[in-house]
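Contents: one structure, followed by commentary.
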2 protein chains.
Amino acid sequence: MSTAKRKQVAQLAGVSEATVSRVLNGVGPVREETRRKVLEAAEQLGYYPNSLAKSMVLQKSGNIGVFLPYVPKVRLISTYYFSEILSGIGHEVREHGLSLLLQFQSPDLEPAYSLPFRTKKIDGAIILGAREGERELAAFRELREMEAPFCVVGARFAESGFCEVDADYRHGARLAVRHLYEQGYRRIACVTGDPHYSNTLDREQGVHAEFRRLGIPHDDHLRVPGNYSRKSGYEAGARLYEIRGRFDAVFAANDRMAIGLMQYLKEQGMEAGRDYGLVGFDDEDASRWCDPPLTTVRVPFFDMGRRAARMIIDMLNGTRDLGETREELPVELVVRRSTARISSA
Amino acid sequence: MSTAKRKQVAQLAGVSEATVSRVLNGVGPVREETRRKVLEAAEQLGYYPNSLAKSMVLQKSGNIGVFLPYVPKVRLISTYYFSEILSGIGHEVREHGLSLLLQFQSPDLEPAYSLPFRTKKIDGAIILGAREGERELAAFRELREMEAPFCVVGARFAESGFCEVDADYRHGARLAVRHLYEQGYRRIACVTGDPHYSNTLDREQGVHAEFRRLGIPHDDHLRVPGNYSRKSGYEAGARLYEIRGRFDAVFAANDRMAIGLMQYLKEQGMEAGRDYGLVGFDDEDASRWCDPPLTTVRVPFFDMGRRAARMIIDMLNGTRDLGETREELPVELVVRRSTARISSA
DNA sequence: TTGTACGCGTTATCAT
DNA sequence: ATGATAACGCGTACAA
């Protein structure tokens, strides 16, 4: 392993260690010739500064922690979502010389956000997939009291004062419902998501707000609970099939459920965009190529990641303070064939 | 932020700093009462050891780097693959007190595997999505010369001496072809993947080996190049449709392409499992719920991640040496409806 | 069983 | 423009 220390570079260059640092960090005045000598020596010795020592003296690790929730089936459920956000974070963070330290959450333990801060492993944190509840809240309060820079992505907390980057789910849901309405659908069923996430409620509120605006009466039979898995969508399909006379369209809280539902109904001979309207949420990859392609609401996960990273970076630079900042990125309706206008309207 | 140092704990407990360390690290003999006092003091002060200082003196960062390849559309192409492997790594690494440092590769730059080693940011590395070619090879040789522990996942390098964890693609391809044959298919087309990856060749070799064994003649028209994207599969579908009389089944080098191809042919009225046989590779999520569900070869990405992590951990512990170790995890044929036995065989 | 003292490789301050 | 030197917070011989 390379084992050249600053000391040796200094000796070879015939200068002091301090000068070596100055040259390599580009600080302070340095005679051009000295500079050259140092650079040469460093090059020759294959010297690379030890980032641990650097971190030590600077009192910052240079990493930002990314907390991934424990989902029994991350692998099955939220692949798309997290990959996108992570890519966004990585994209933003790359040029700033920061590193990402992945933090996998443990199953039933309390969320352990503060530990890596306490041990100085991370300077800031981005928290993904936070759920509602007192436990999360307590963990966040702790972070706030420590004045630890952190940003929650994809969740809203009533008692805020936290930094949050989210999408405008409510508006997205309204767009979706409005679109169904404009396509001639009137009896709109709603497959909801896992109630542990704030954005599940957001979507539902959006739906109902738009119902009110459009004068669509509320029908509790048309509300089917799901949990964002494809399976739960499939099962929702089954439940709705039993009352197929009562709905002519479905709003599903995410694409996976929409696709599961579409599949069940297809097995019963009902085709989305022909026998009923169907709109999903997220615009994940599969939505473009399921059959028929799914109308959905595009959520800018990648940008959410970027934005969150940006915020943390700013906080670390002192450019932004840690206080409440809730940002909701806009979503966008993506119209595909699953909501073709019904002829018999 | 928490700011209690070891010194204060020592004072409060009325012992020396060394003793504090001994207690907290559980080394050396310590009188039980001393132990208790120290623990109490630490608790009371909210003391957490500074991992930077610790790393500094131990000369190891405690992180292992995970290199993600630069793929213009990671987001579209390889989500499933990487999520799985990453989860596997995380799962294995969690209990060992190691952290994962994500390393996003830059576009056209040389692979920069060695830098984080040189700067002591990581103690070991897991490299994902390595491509064939002199550049990668040079980068790996450099690591080897540095005696840096690293493990390449999902790739094979002829000049090895590297540590590699991979899947038995060749065997998987043979299983797939054999299955098609057993289902009565005889004229098997082959949609290949991106030739920059070693496992692309592996699969193709497997196919041809099995062709030979079964006495299936080689027909170059039935080989359609793809690049693992769904789009390329769709296009392959178009090409094959033009010569639809000449093939009765398709082996696609991954599921995404298989699904794209299935989609194109469906648009032309050809149904997989009825009008032709279709088998994919990977067993990604979507394969279970496309229509018809796709017969495919399951690749244990999650386990590959675990295994790679395990190897690095062992290397760091000195339990395993850095030399050549190529491990190929077994794959498994998953039969679904896309290869239903043809009736007219 | 416990304390003393040194070193890990930097950055940054203060002289020079 | 450059050189000493003091931290940074911890592990660990070695001494007691």
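By order in the structure tokens, chains are A, B, ...; within a chain, residues start at 1; ligands start at 1, following the order shown.
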
Taking a cut-off of 12 Å and counting only C-alpha atoms (C1' of nucleotides), can you build a table that, for each residue of chain B near chain D, reports the nearest atom pair and how far apart they are in Å (one decimal), sorted by chain then residue number, as a Markdown table?
| residue | atom | partner | partner_atom | distance |
| --- | --- | --- | --- | --- |
| B:Thr3 | CA | D:DG9 | C1' | 11.3 |
| B:Ala4 | CA | D:DG9 | C1' | 10.7 |
| B:Lys5 | CA | D:DG9 | C1' | 7.4 |
| B:Arg6 | CA | D:DG9 | C1' | 7.7 |
| B:Lys7 | CA | D:DG9 | C1' | 9.1 |
| B:Gln8 | CA | D:DG9 | C1' | 11.8 |
| B:Glu17 | CA | D:DC10 | C1' | 9.5 |
| B:Ala18 | CA | D:DG11 | C1' | 8.3 |
| B:Thr19 | CA | D:DG11 | C1' | 11.0 |
| B:Val20 | CA | D:DC10 | C1' | 10.8 |
| B:Ser21 | CA | D:DG11 | C1' | 7.7 |
| B:Arg22 | CA | D:DG11 | C1' | 9.1 |
| B:Leu24 | CA | D:DG11 | C1' | 11.5 |
| B:Asn25 | CA | D:DG11 | C1' | 9.7 |
| B:Val27 | CA | D:DT12 | C1' | 10.6 |
| B:Gly28 | CA | D:DT12 | C1' | 10.7 |
| B:Tyr48 | CA | D:DG9 | C1' | 11.1 |
| B:Pro49 | CA | D:DC10 | C1' | 8.0 |
| B:Asn50 | CA | D:DG9 | C1' | 6.6 |
| B:Ser51 | CA | D:DC10 | C1' | 8.6 |
| B:Leu52 | CA | D:DG9 | C1' | 8.1 |
| B:Ala53 | CA | D:DG9 | C1' | 5.1 |
| B:Lys54 | CA | D:DC10 | C1' | 5.3 |
| B:Ser55 | CA | D:DC10 | C1' | 8.6 |
| B:Met56 | CA | D:DC10 | C1' | 7.9 |
| B:Val57 | CA | D:DG11 | C1' | 6.4 |
| B:Leu58 | CA | D:DG11 | C1' | 7.3 |
| B:Gln59 | CA | D:DG11 | C1' | 10.7 |

Exercise for the section: State the Cα RMSD (Å, one decimal) obtained when chain B is least-squares superposed onto chain A, all Cα atoms paired in order. Expected result: 0.1 Å

Practice task
Take CA of Thr339 (chain B) and CA of Tyr185 (chain B) and report the distance between them in Å, one decimal.
Solution key: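 So the answer is 9.0 Å.
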
Problem - All strand (DSSP E or B) residues (DSSP, backbone) inside region 84-255 of chain A, as a ChimeraX atom specification - result: /A:99-104,124-128,150-153,163-167,188-192,223-225,249-252

Practice task
Provide as a PyMOL selection string the residues of chain C at most 10 Å from chain B, counting only C-alpha atoms (C1' of nucleotides).
Solution key: chain C and resi 1-4+7-9
